[in-house]
file my_file-v7.cif (mmCIF, C-alpha atoms)
data_final
#
loop_
_atom_site.label_atom_id
_atom_site.label_comp_id
_atom_site.auth_asym_id
_atom_site.auth_seq_id
_atom_site.Cartn_x
_atom_site.Cartn_y
_atom_site.Cartn_z
CA MET X 11 -13.16 -11.81 -13.83
CA ASP X 12 -16.13 -12.90 -11.74
CA LYS X 13 -17.76 -10.62 -9.20
CA ILE X 14 -16.35 -9.26 -5.97
CA ARG X 15 -18.28 -10.87 -3.13
CA ARG X 16 -16.41 -9.74 -0.01
CA VAL X 17 -14.21 -6.74 0.72
CA LEU X 18 -12.22 -6.62 3.96
CA LEU X 19 -11.10 -3.24 5.33
CA VAL X 20 -8.19 -3.57 7.76
CA GLY X 21 -6.62 -1.18 10.25
CA GLY X 22 -4.08 -1.63 13.02
CA THR X 23 -1.70 -4.03 11.34
CA HIS X 24 0.78 -1.69 12.98
CA GLY X 25 -0.58 -0.72 16.37
CA ASN X 26 0.73 2.86 16.42
CA GLU X 27 -0.75 3.90 13.05
CA LEU X 28 -3.91 5.52 14.31
CA THR X 29 -5.51 6.65 11.03
CA GLY X 30 -6.46 3.12 10.01
CA ILE X 31 -7.35 2.07 13.53
CA TYR X 32 -9.82 4.87 14.16
CA LEU X 33 -11.20 4.73 10.66
CA ILE X 34 -12.08 1.05 11.15
CA ARG X 35 -13.65 1.88 14.51
CA ARG X 36 -15.72 4.57 12.80
CA PHE X 37 -16.91 2.08 10.19
CA GLN X 38 -17.71 -0.51 12.86
CA HIS X 39 -19.92 2.02 14.64
CA ALA X 40 -21.54 3.17 11.38
CA PRO X 41 -21.47 0.18 8.98
CA GLN X 42 -23.89 1.93 6.60
CA LEU X 43 -20.97 4.13 5.52
CA ILE X 44 -19.23 1.21 3.84
CA SER X 45 -22.23 -0.85 2.78
CA ARG X 46 -22.53 -1.44 -0.97
CA PRO X 47 -25.30 -3.33 -2.82
CA SER X 48 -23.16 -5.80 -4.75
CA PHE X 49 -20.78 -7.14 -2.08
CA GLU X 50 -20.31 -7.58 1.66
CA THR X 51 -17.93 -5.15 3.34
CA MET X 52 -16.20 -6.49 6.44
CA THR X 53 -13.87 -4.74 8.90
CA LEU X 54 -10.95 -5.93 10.99
CA LEU X 55 -8.61 -4.51 13.61
CA SER X 56 -5.73 -6.86 12.99
CA ASN X 57 -2.94 -6.49 15.57
CA LEU X 58 -5.03 -6.16 18.72
CA GLU X 59 -2.23 -6.46 21.28
CA ALA X 60 -0.07 -3.88 19.50
CA ILE X 61 -3.05 -1.53 19.29
CA ALA X 62 -3.67 -1.90 23.02
CA ALA X 63 0.00 -1.21 23.76
CA GLY X 64 0.28 1.64 21.25
CA VAL X 65 3.30 0.09 19.55
CA ARG X 66 4.06 -1.01 15.99
CA TYR X 67 4.17 -4.67 16.99
CA VAL X 68 4.58 -6.86 20.06
CA ASP X 69 6.89 -9.65 18.89
CA GLN X 70 7.48 -9.08 15.19
CA ASP X 71 6.16 -7.01 12.30
CA MET X 72 2.76 -8.47 11.47
CA ASN X 73 2.99 -7.14 7.96
CA ARG X 74 6.00 -9.39 7.33
CA CYS X 75 4.73 -12.67 8.79
CA CYS X 76 1.78 -13.64 6.58
CA ASP X 77 3.85 -15.84 4.28
CA ARG X 78 3.37 -19.59 4.02
CA ALA X 79 6.28 -20.41 6.34
CA HIS X 80 4.74 -18.44 9.21
CA LEU X 81 1.18 -19.49 8.48
CA GLU X 82 2.13 -23.17 8.58
CA LEU X 83 4.06 -23.06 11.86
CA PRO X 84 2.44 -25.73 14.08
CA GLU X 85 2.75 -23.95 17.45
CA PRO X 86 3.89 -20.35 16.94
CA VAL X 87 5.15 -18.44 19.96
CA ASP X 88 5.01 -14.88 18.64
CA TYR X 89 1.67 -13.13 18.98
CA GLU X 90 1.67 -11.65 15.46
CA VAL X 91 2.15 -15.09 13.90
CA ARG X 92 -0.69 -16.57 15.93
CA ARG X 93 -2.91 -13.65 14.97
CA ALA X 94 -1.94 -13.95 11.29
CA GLN X 95 -2.97 -17.60 11.38
CA GLU X 96 -6.32 -16.66 12.95
CA ILE X 97 -6.96 -14.05 10.25
CA ASN X 98 -5.98 -16.49 7.53
CA ARG X 99 -8.40 -19.12 8.87
CA ARG X 100 -11.19 -16.57 8.63
CA PHE X 101 -10.40 -14.38 5.63
CA GLY X 102 -7.75 -16.31 3.70
CA PRO X 103 -8.35 -18.29 0.48
CA SER X 104 -9.55 -21.36 2.38
CA GLY X 105 -11.06 -19.44 5.27
CA SER X 106 -14.61 -19.41 6.57
CA THR X 107 -15.32 -16.03 4.89
CA PRO X 108 -12.59 -15.58 2.25
CA ALA X 109 -12.00 -11.99 1.17
CA ASP X 110 -11.86 -11.17 -2.53
CA VAL X 111 -10.29 -7.77 -1.79
CA ILE X 112 -8.26 -6.85 1.28
CA LEU X 113 -7.63 -3.13 1.70
CA ASP X 114 -5.09 -2.57 4.49
CA ILE X 115 -4.89 1.02 5.74
CA HIS X 116 -1.50 2.30 6.92
CA SER X 117 0.14 5.62 7.71
CA THR X 118 3.73 6.78 7.34
CA THR X 119 5.97 9.50 8.71
CA SER X 120 7.23 10.07 5.14
CA ASN X 121 5.72 12.63 2.81
CA MET X 122 3.87 10.00 0.75
CA GLY X 123 0.57 11.87 0.48
CA MET X 124 -2.22 9.51 -0.55
CA THR X 125 -0.54 6.41 -1.94
CA LEU X 126 -2.14 3.23 -3.30
CA ILE X 127 0.26 0.28 -3.07
CA LEU X 128 -0.03 -2.62 -5.50
CA ASP X 129 2.06 -5.74 -4.94
CA ASP X 130 1.64 -7.03 -8.49
CA HIS X 131 0.48 -5.83 -11.89
CA HIS X 132 -2.74 -7.76 -12.16
CA PRO X 133 -4.97 -6.08 -14.78
CA PHE X 134 -7.79 -5.64 -12.27
CA LYS X 135 -5.55 -3.68 -9.91
CA LEU X 136 -4.15 -1.46 -12.66
CA ARG X 137 -7.67 -0.71 -13.87
CA LEU X 138 -8.78 0.10 -10.32
CA ALA X 139 -5.77 2.41 -9.93
CA ALA X 140 -6.57 4.11 -13.25
CA ALA X 141 -10.19 4.67 -12.27
CA LEU X 142 -9.18 6.16 -8.91
CA SER X 143 -6.50 8.34 -10.47
CA ALA X 144 -9.09 9.77 -12.84
CA GLN X 145 -11.10 10.91 -9.81
CA GLN X 146 -8.15 11.98 -7.66
CA PRO X 147 -5.18 13.22 -9.71
CA ASP X 148 -2.90 13.65 -6.69
CA LEU X 149 -3.19 9.94 -5.80
CA ARG X 150 0.18 8.18 -6.12
CA ILE X 151 0.48 4.58 -7.30
CA TYR X 152 3.44 2.64 -5.92
CA SER X 153 4.15 -0.87 -7.17
CA SER X 154 6.06 -3.04 -4.71
CA ALA X 155 6.25 -5.93 -7.19
CA ASN X 156 9.53 -7.87 -6.86
CA SER X 157 9.99 -6.63 -3.29
CA GLY X 158 8.48 -9.74 -1.67
CA ARG X 159 5.42 -7.98 -0.27
CA GLN X 160 3.09 -10.14 -2.37
CA GLN X 161 4.15 -13.10 -0.23
CA ASP X 162 4.31 -11.80 3.34
CA ALA X 163 2.01 -8.78 3.78
CA LEU X 164 -1.32 -9.17 5.54
CA ARG X 165 -3.10 -7.99 2.40
CA SER X 166 -1.61 -10.97 0.54
CA LEU X 167 -4.15 -13.18 2.32
CA GLY X 168 -6.87 -11.83 0.01
CA ARG X 169 -7.50 -12.69 -3.59
CA PHE X 170 -6.60 -9.08 -4.40
CA GLY X 171 -4.48 -7.26 -1.84
CA ILE X 172 -4.19 -3.48 -1.82
CA CYS X 173 -2.64 -1.07 0.67
CA LEU X 174 -3.34 2.56 1.43
CA GLU X 175 -0.32 4.46 2.74
CA VAL X 176 -1.06 7.95 4.05
CA GLY X 177 1.36 10.59 5.28
CA PRO X 178 3.14 12.37 6.63
CA VAL X 179 1.76 11.77 10.09
CA ALA X 180 3.63 10.97 13.28
CA GLN X 181 3.31 7.56 14.88
CA GLY X 182 0.64 7.49 17.57
CA VAL X 183 -1.04 10.63 16.21
CA LEU X 184 -4.44 11.27 14.61
CA GLN X 185 -4.43 14.05 12.03
CA ALA X 186 -7.86 15.24 10.98
CA ASP X 187 -7.17 16.27 7.39
CA LEU X 188 -5.44 13.00 6.52
CA PHE X 189 -8.14 11.03 8.34
CA GLN X 190 -10.82 12.71 6.22
CA ARG X 191 -8.90 12.24 2.99
CA THR X 192 -8.32 8.56 3.80
CA GLU X 193 -12.00 8.00 4.50
CA ALA X 194 -12.93 9.70 1.22
CA LEU X 195 -10.49 7.50 -0.72
CA VAL X 196 -11.82 4.33 0.93
CA GLN X 197 -15.32 5.37 -0.09
CA GLN X 198 -14.13 5.92 -3.67
CA ILE X 199 -12.53 2.47 -3.77
CA LEU X 200 -15.73 0.84 -2.56
CA ASP X 201 -17.73 2.78 -5.13
CA VAL X 202 -15.47 1.69 -8.00
CA LEU X 203 -15.63 -1.95 -6.89
CA ASP X 204 -19.39 -1.76 -6.63
CA GLN X 205 -19.72 -0.15 -10.06
CA GLN X 206 -17.52 -2.82 -11.59
CA ASN X 207 -19.69 -5.58 -10.16
CA TRP X 208 -22.58 -4.35 -12.30
CA HIS X 209 -20.63 -4.51 -15.57
CA GLU X 210 -18.87 -6.99 -17.80
CA PRO X 211 -15.23 -7.93 -17.09
CA LEU X 212 -12.78 -5.16 -17.86
CA PRO X 213 -10.35 -5.35 -20.76
CA LYS X 214 -6.95 -6.70 -19.81
CA VAL X 215 -3.87 -4.54 -19.39
CA GLN X 216 -0.50 -5.57 -20.77
CA PRO X 217 2.40 -6.16 -18.31
CA LEU X 218 4.01 -3.03 -16.92
CA THR X 219 6.54 -1.51 -19.33
CA THR X 220 8.15 1.86 -19.83
CA GLN X 221 6.11 2.34 -23.01
CA PRO X 222 2.45 3.43 -23.15
CA VAL X 223 0.16 0.46 -22.66
CA THR X 224 -3.00 -0.04 -24.71
CA THR X 225 -5.52 -2.84 -24.61
CA GLN X 226 -8.22 -4.23 -26.85
CA PRO X 227 -11.74 -3.77 -25.47
CA VAL X 228 -13.78 -6.93 -24.97
CA THR X 229 -17.11 -5.26 -24.19
CA THR X 230 -19.40 -2.85 -25.98
CA HIS X 231 -18.91 -0.16 -23.34
CA PRO X 232 -17.29 3.08 -24.53
CA VAL X 233 -13.56 3.01 -23.80
CA THR X 234 -11.37 5.94 -22.85
CA MET X 235 -7.64 6.22 -22.39
CA GLN X 236 -6.62 7.05 -18.84
CA PRO X 237 -3.02 8.04 -18.09
CA LEU X 238 -1.59 6.20 -15.12
CA THR X 239 1.78 6.85 -13.50
CA VAL X 240 3.22 3.93 -11.56
CA TYR X 241 6.31 4.15 -9.38
CA GLN X 242 7.95 0.73 -9.57
CA TYR X 243 10.12 -0.65 -6.74
CA LEU X 244 13.83 -0.89 -7.58
CA GLY X 245 15.46 -1.45 -4.20
CA THR X 246 16.32 0.16 -0.88
CA VAL X 247 19.11 2.45 0.34
CA PRO X 248 20.64 1.80 3.77
CA TYR X 249 21.96 4.43 6.13
CA PRO X 250 25.72 5.02 6.20
CA ARG X 251 27.14 3.34 9.30
CA ASP X 252 30.46 2.97 11.06
CA THR X 253 32.24 -0.25 11.96
CA GLU X 254 30.15 -0.51 15.13
CA GLY X 255 26.91 -0.27 13.20
CA GLN X 256 26.05 3.27 14.29
CA ILE X 257 24.41 5.65 11.79
CA THR X 258 26.90 8.26 10.56
CA ALA X 259 24.65 10.32 8.28
CA MET X 260 21.04 11.47 7.97
CA ILE X 261 18.78 12.33 5.07
CA HIS X 262 20.06 15.50 3.42
CA PRO X 263 17.79 18.55 3.92
CA HIS X 264 17.58 18.92 0.13
CA LEU X 265 15.97 15.46 -0.10
CA GLN X 266 13.84 15.44 3.06
CA GLY X 267 10.10 15.42 2.29
CA ARG X 268 10.61 15.07 -1.47
CA ASP X 269 9.02 11.66 -1.92
CA TYR X 270 8.14 10.91 -5.56
CA GLU X 271 10.46 13.67 -6.82
CA SER X 272 13.40 12.90 -9.08
CA LEU X 273 16.80 12.10 -7.59
CA ASN X 274 19.51 12.67 -10.16
CA PRO X 275 23.09 11.39 -10.23
CA GLY X 276 25.18 13.80 -8.18
CA ASP X 277 22.27 15.13 -6.10
CA PRO X 278 22.70 15.38 -2.30
CA ILE X 279 21.31 12.32 -0.54
CA PHE X 280 22.86 12.21 2.97
CA LEU X 281 24.38 14.73 5.38
CA SER X 282 27.00 13.23 7.66
CA LEU X 283 27.07 13.98 11.37
CA THR X 284 30.25 15.93 10.74
CA GLY X 285 28.59 18.12 8.09
CA GLU X 286 29.78 16.41 4.91
CA THR X 287 27.31 16.13 2.00
CA LEU X 288 27.10 12.66 0.45
CA LEU X 289 25.92 12.49 -3.15
CA TYR X 290 23.73 9.99 -4.98
CA THR X 291 26.15 7.85 -7.00
CA GLY X 292 23.64 5.96 -9.13
CA GLU X 293 23.80 6.22 -12.90
CA THR X 294 20.11 6.82 -13.61
CA VAL X 295 17.35 9.11 -12.39
CA VAL X 296 15.23 7.50 -9.67
CA PHE X 297 12.25 8.55 -7.56
CA PRO X 298 12.67 7.90 -3.81
CA VAL X 299 9.70 7.06 -1.58
CA PHE X 300 9.40 6.27 2.13
CA ILE X 301 12.16 8.83 2.71
CA ASN X 302 13.23 8.83 6.37
CA GLU X 303 10.33 6.60 7.46
CA ALA X 304 10.61 6.27 11.24
CA ALA X 305 9.63 2.60 11.30
CA TYR X 306 12.30 1.70 8.76
CA TYR X 307 15.26 2.63 10.92
CA GLU X 308 15.18 -0.84 12.45
CA LYS X 309 15.13 -2.31 8.94
CA ASP X 310 18.10 -0.10 7.91
CA ILE X 311 16.10 1.48 5.08
CA ALA X 312 16.72 5.19 4.54
CA MET X 313 14.48 5.23 1.47
CA VAL X 314 13.04 3.07 -1.27
CA LEU X 315 14.09 3.80 -4.85
CA THR X 316 11.56 3.54 -7.64
CA GLN X 317 11.41 3.97 -11.39
CA ARG X 318 8.60 6.00 -12.92
CA HIS X 319 6.44 4.38 -15.62
CA ASP X 320 3.87 6.46 -17.51
CA LEU X 321 1.13 4.23 -18.90
CA GLN X 322 -2.03 4.63 -20.93
CA VAL X 323 -4.79 2.35 -19.68
CA ASP X 324 -8.10 1.65 -21.40
CA PHE X 325 -11.06 1.46 -19.06
CA ALA X 326 -14.83 1.40 -19.47
CA GLU X 327 -16.52 4.80 -19.42
CA SER X 328 -18.81 3.57 -16.66
CA LEU X 329 -15.86 3.60 -14.29
#
call {"tool": "encode", "arguments": {"input": "my_file-v7.cif", "output": "structure tokens"}}
result
Amino acid sequence: MDKIRRVLLVGGTHGNELTGIYLIRRFQHAPQLISRPSFETMTLLSNLEAIAAGVRYVDQDMNRCCDRAHLELPEPVDYEVRRAQEINRRFGPSGSTPADVILDIHSTTSNMGMTLILDDHHPFKLRLAAALSAQQPDLRIYSSANSGRQQDALRSLGRFGICLEVGPVAQGVLQADLFQRTEALVQQILDVLDQQNWHEPLPKVQPLTTQPVTTQPVTTHPVTMQPLTVYQYLGTVPYPRDTEGQITAMIHPHLQGRDYESLNPGDPIFLSLTGETLLYTGETVVFPVFINEAAYYEKDIAMVLTQRHDLQVDFAESL
């Protein structure tokens, strides 16, 4: 892989997620914090009208309208679509300053901790995730591959799109500890990208499987084996509803806040409004994430189910 030339840091794709918004503002006031010798670091506040209004979006979710169909609309009416087209003309593959890496910073009301989201299993992204996990063992890696996010998320406009999801934090709230941890992780990502630019291309990683993955080194750098746990998207679980479409049950207290923990067949999953416990009826162990995310009520998503994959990734000692 050739060198990274431009990295775009994005905040405010959702206008009520303040961690990313204020972090980008901090970087814009102190650009030396994100400057690296081997590439240009750019910043962007993406959904300006939603930020000004303090809402997730104005007309539609901006993080779902960066697909080709929306980008090619001749005269879009919705603000987020118009803004997505503007961003694509500047930072997209054929833009005036195309971004090699787009890092979009989000926050969630779910107990996701520090989560790195990958929309595909490109070797470069898995190696980046492995390098970061070696430095920060509590970092979670969530793969949204096969969920459609590779086609419609704002980060998909870059050559390599990555998302940071940080929580739990309420919408419209700044939380100092998570803000500081997010800034530290962004700095680590920039450092790893900069270090990689000074070295030969990394060995490739085999496609994601449930078995340990090994690779053959293609450089003379010392190689170490780094364990990497990836939580792979399986699907979503809707809320129980009545014939009128009203929610009839909520996340069970036993499950609330237990993102990335195992959910076994027969475990409590919902508590009905009348006090009845509803059990998980799946046949295999899964690992829920985005449990009870506030913004997902409108999407009828109570949680996202994932499968855990434990990998072994080779990466150069210099990383």
call {"tool": "atom_distance", "arguments": {"input": "my_file-v7.cif", "atom1": "atom CA of X:Leu174", "atom2": "atom CA of X:Asp129"}}
result
11.8 Å
call {"tool": "axis_aligned_box", "arguments": {"input": "my_file-v7.cif", "around": "stretch 244-247 of chain X", "padding_each_side": "8 Å", "output": "AutoDock Vina command-line options"}}
result
--center_x 16.5 --center_y 0.5 --center_z -3.6 --size_x 21.3 --size_y 19.9 --size_z 23.9
call {"tool": "atom_distance", "arguments": {"input": "my_file-v7.cif", "atom1": "atom CA of X:Ser166", "atom2": "atom CA of X:Leu113"}}
result
10.0 Å
call {"tool": "residues_near_point", "arguments": {"input": "my_file-v7.cif", "point": "(1.2, -19.2, 6.4)", "cutoff": "12 Å", "atoms": "all atoms listed in the file", "output": "compact mmCIF listing (two decimals) with C-alpha atoms, in the coordinates of the input"}}
result
# COMPACT_ATOMS: atom_id res chain seq x y z
CA MET X 72 2.76 -8.47 11.47
CA ARG X 74 6.00 -9.39 7.33
CA CYS X 75 4.73 -12.67 8.79
CA CYS X 76 1.78 -13.64 6.58
CA ASP X 77 3.85 -15.84 4.28
CA ARG X 78 3.37 -19.59 4.02
CA ALA X 79 6.28 -20.41 6.34
CA HIS X 80 4.74 -18.44 9.21
CA LEU X 81 1.18 -19.49 8.48
CA GLU X 82 2.13 -23.17 8.58
CA LEU X 83 4.06 -23.06 11.86
CA PRO X 84 2.44 -25.73 14.08
CA PRO X 86 3.89 -20.35 16.94
CA GLU X 90 1.67 -11.65 15.46
CA VAL X 91 2.15 -15.09 13.90
CA ARG X 92 -0.69 -16.57 15.93
CA ARG X 93 -2.91 -13.65 14.97
CA ALA X 94 -1.94 -13.95 11.29
CA GLN X 95 -2.97 -17.60 11.38
CA GLU X 96 -6.32 -16.66 12.95
CA ILE X 97 -6.96 -14.05 10.25
CA ASN X 98 -5.98 -16.49 7.53
CA ARG X 99 -8.40 -19.12 8.87
CA GLY X 102 -7.75 -16.31 3.70
CA PRO X 103 -8.35 -18.29 0.48
CA SER X 104 -9.55 -21.36 2.38
CA GLN X 161 4.15 -13.10 -0.23
CA ASP X 162 4.31 -11.80 3.34
CA ALA X 163 2.01 -8.78 3.78
CA LEU X 164 -1.32 -9.17 5.54
CA SER X 166 -1.61 -10.97 0.54
CA LEU X 167 -4.15 -13.18 2.32
call {"tool": "resolve_selection", "arguments": {"input": "my_file-v7.cif", "expression": "the PyMOL selection byres ((chain X and resi 45-50) around 8)", "output": "PyMOL selection string"}}
result
chain X and resi 14-17+41-44+51-52+200-201+204+207-208
call {"tool": "resolve_selection", "arguments": {"input": "my_file-v7.cif", "expression": "the PyMOL selection byres ((chain X and resi 300) around 9)", "output": "PDB file with C-alpha atoms, in the coordinates of the input"}}
result
ATOM      1  CA  THR X 118       3.730   6.780   7.340  1.00  0.00           C
ATOM      2  CA  THR X 119       5.970   9.500   8.710  1.00  0.00           C
ATOM      3  CA  SER X 120       7.230  10.070   5.140  1.00  0.00           C
ATOM      4  CA  ASN X 121       5.720  12.630   2.810  1.00  0.00           C
ATOM      5  CA  MET X 122       3.870  10.000   0.750  1.00  0.00           C
ATOM      6  CA  ASP X 269       9.020  11.660  -1.920  1.00  0.00           C
ATOM      7  CA  PRO X 298      12.670   7.900  -3.810  1.00  0.00           C
ATOM      8  CA  VAL X 299       9.700   7.060  -1.580  1.00  0.00           C
ATOM      9  CA  ILE X 301      12.160   8.830   2.710  1.00  0.00           C
ATOM     10  CA  ASN X 302      13.230   8.830   6.370  1.00  0.00           C
ATOM     11  CA  GLU X 303      10.330   6.600   7.460  1.00  0.00           C
ATOM     12  CA  TYR X 306      12.300   1.700   8.760  1.00  0.00           C
ATOM     13  CA  ILE X 311      16.100   1.480   5.080  1.00  0.00           C
ATOM     14  CA  ALA X 312      16.720   5.190   4.540  1.00  0.00           C
ATOM     15  CA  MET X 313      14.480   5.230   1.470  1.00  0.00           C
ATOM     16  CA  VAL X 314      13.040   3.070  -1.270  1.00  0.00           C
ATOM     17  CA  LEU X 315      14.090   3.800  -4.850  1.00  0.00           C
TER      18      LEU X 315
END
call {"tool": "closest_residue", "arguments": {"input": "my_file-v7.cif", "among": "X:Asp130, X:Phe170, X:Leu149, X:Ser154", "to": "X:Leu18", "atoms": "only C-alpha atoms"}}
result
X:Phe170
call {"tool": "resolve_selection", "arguments": {"input": "my_file-v7.cif", "expression": "the PyMOL selection byres ((chain X and resi 138) around 12)", "output": "PDB file with C-alpha atoms, in the coordinates of the input"}}
result
ATOM      1  CA  VAL X 111     -10.290  -7.770  -1.790  1.00  0.00           C
ATOM      2  CA  LEU X 126      -2.140   3.230  -3.300  1.00  0.00           C
ATOM      3  CA  ILE X 127       0.260   0.280  -3.070  1.00  0.00           C
ATOM      4  CA  LEU X 128      -0.030  -2.620  -5.500  1.00  0.00           C
ATOM      5  CA  HIS X 131       0.480  -5.830 -11.890  1.00  0.00           C
ATOM      6  CA  HIS X 132      -2.740  -7.760 -12.160  1.00  0.00           C
ATOM      7  CA  PRO X 133      -4.970  -6.080 -14.780  1.00  0.00           C
ATOM      8  CA  PHE X 134      -7.790  -5.640 -12.270  1.00  0.00           C
ATOM      9  CA  LYS X 135      -5.550  -3.680  -9.910  1.00  0.00           C
ATOM     10  CA  LEU X 136      -4.150  -1.460 -12.660  1.00  0.00           C
ATOM     11  CA  ARG X 137      -7.670  -0.710 -13.870  1.00  0.00           C
ATOM     12  CA  ALA X 139      -5.770   2.410  -9.930  1.00  0.00           C
ATOM     13  CA  ALA X 140      -6.570   4.110 -13.250  1.00  0.00           C
ATOM     14  CA  ALA X 141     -10.190   4.670 -12.270  1.00  0.00           C
ATOM     15  CA  LEU X 142      -9.180   6.160  -8.910  1.00  0.00           C
ATOM     16  CA  SER X 143      -6.500   8.340 -10.470  1.00  0.00           C
ATOM     17  CA  ALA X 144      -9.090   9.770 -12.840  1.00  0.00           C
ATOM     18  CA  GLN X 145     -11.100  10.910  -9.810  1.00  0.00           C
ATOM     19  CA  ILE X 151       0.480   4.580  -7.300  1.00  0.00           C
ATOM     20  CA  PHE X 170      -6.600  -9.080  -4.400  1.00  0.00           C
ATOM     21  CA  ILE X 172      -4.190  -3.480  -1.820  1.00  0.00           C
ATOM     22  CA  GLN X 198     -14.130   5.920  -3.670  1.00  0.00           C
ATOM     23  CA  ILE X 199     -12.530   2.470  -3.770  1.00  0.00           C
ATOM     24  CA  LEU X 200     -15.730   0.840  -2.560  1.00  0.00           C
ATOM     25  CA  ASP X 201     -17.730   2.780  -5.130  1.00  0.00           C
ATOM     26  CA  VAL X 202     -15.470   1.690  -8.000  1.00  0.00           C
ATOM     27  CA  LEU X 203     -15.630  -1.950  -6.890  1.00  0.00           C
ATOM     28  CA  ASP X 204     -19.390  -1.760  -6.630  1.00  0.00           C
ATOM     29  CA  GLN X 205     -19.720  -0.150 -10.060  1.00  0.00           C
ATOM     30  CA  GLN X 206     -17.520  -2.820 -11.590  1.00  0.00           C
ATOM     31  CA  LEU X 212     -12.780  -5.160 -17.860  1.00  0.00           C
ATOM     32  CA  PRO X 213     -10.350  -5.350 -20.760  1.00  0.00           C
ATOM     33  CA  LYS X 214      -6.950  -6.700 -19.810  1.00  0.00           C
ATOM     34  CA  VAL X 215      -3.870  -4.540 -19.390  1.00  0.00           C
ATOM     35  CA  GLN X 236      -6.620   7.050 -18.840  1.00  0.00           C
ATOM     36  CA  LEU X 238      -1.590   6.200 -15.120  1.00  0.00           C
ATOM     37  CA  VAL X 323      -4.790   2.350 -19.680  1.00  0.00           C
ATOM     38  CA  ASP X 324      -8.100   1.650 -21.400  1.00  0.00           C
ATOM     39  CA  PHE X 325     -11.060   1.460 -19.060  1.00  0.00           C
ATOM     40  CA  ALA X 326     -14.830   1.400 -19.470  1.00  0.00           C
ATOM     41  CA  LEU X 329     -15.860   3.600 -14.290  1.00  0.00           C
TER      42      LEU X 329
END
call {"tool": "atom_distance", "arguments": {"input": "my_file-v7.cif", "atom1": "atom CA of X:Gly30", "atom2": "atom CA of X:Ser117"}}
result
7.4 Å
call {"tool": "closest_residue", "arguments": {"input": "my_file-v7.cif", "among": "X:Thr125, X:Gln197, X:Gln38, X:Gln317", "to": "X:Glu271", "atoms": "all atoms listed in the file"}}
result
X:Gln317
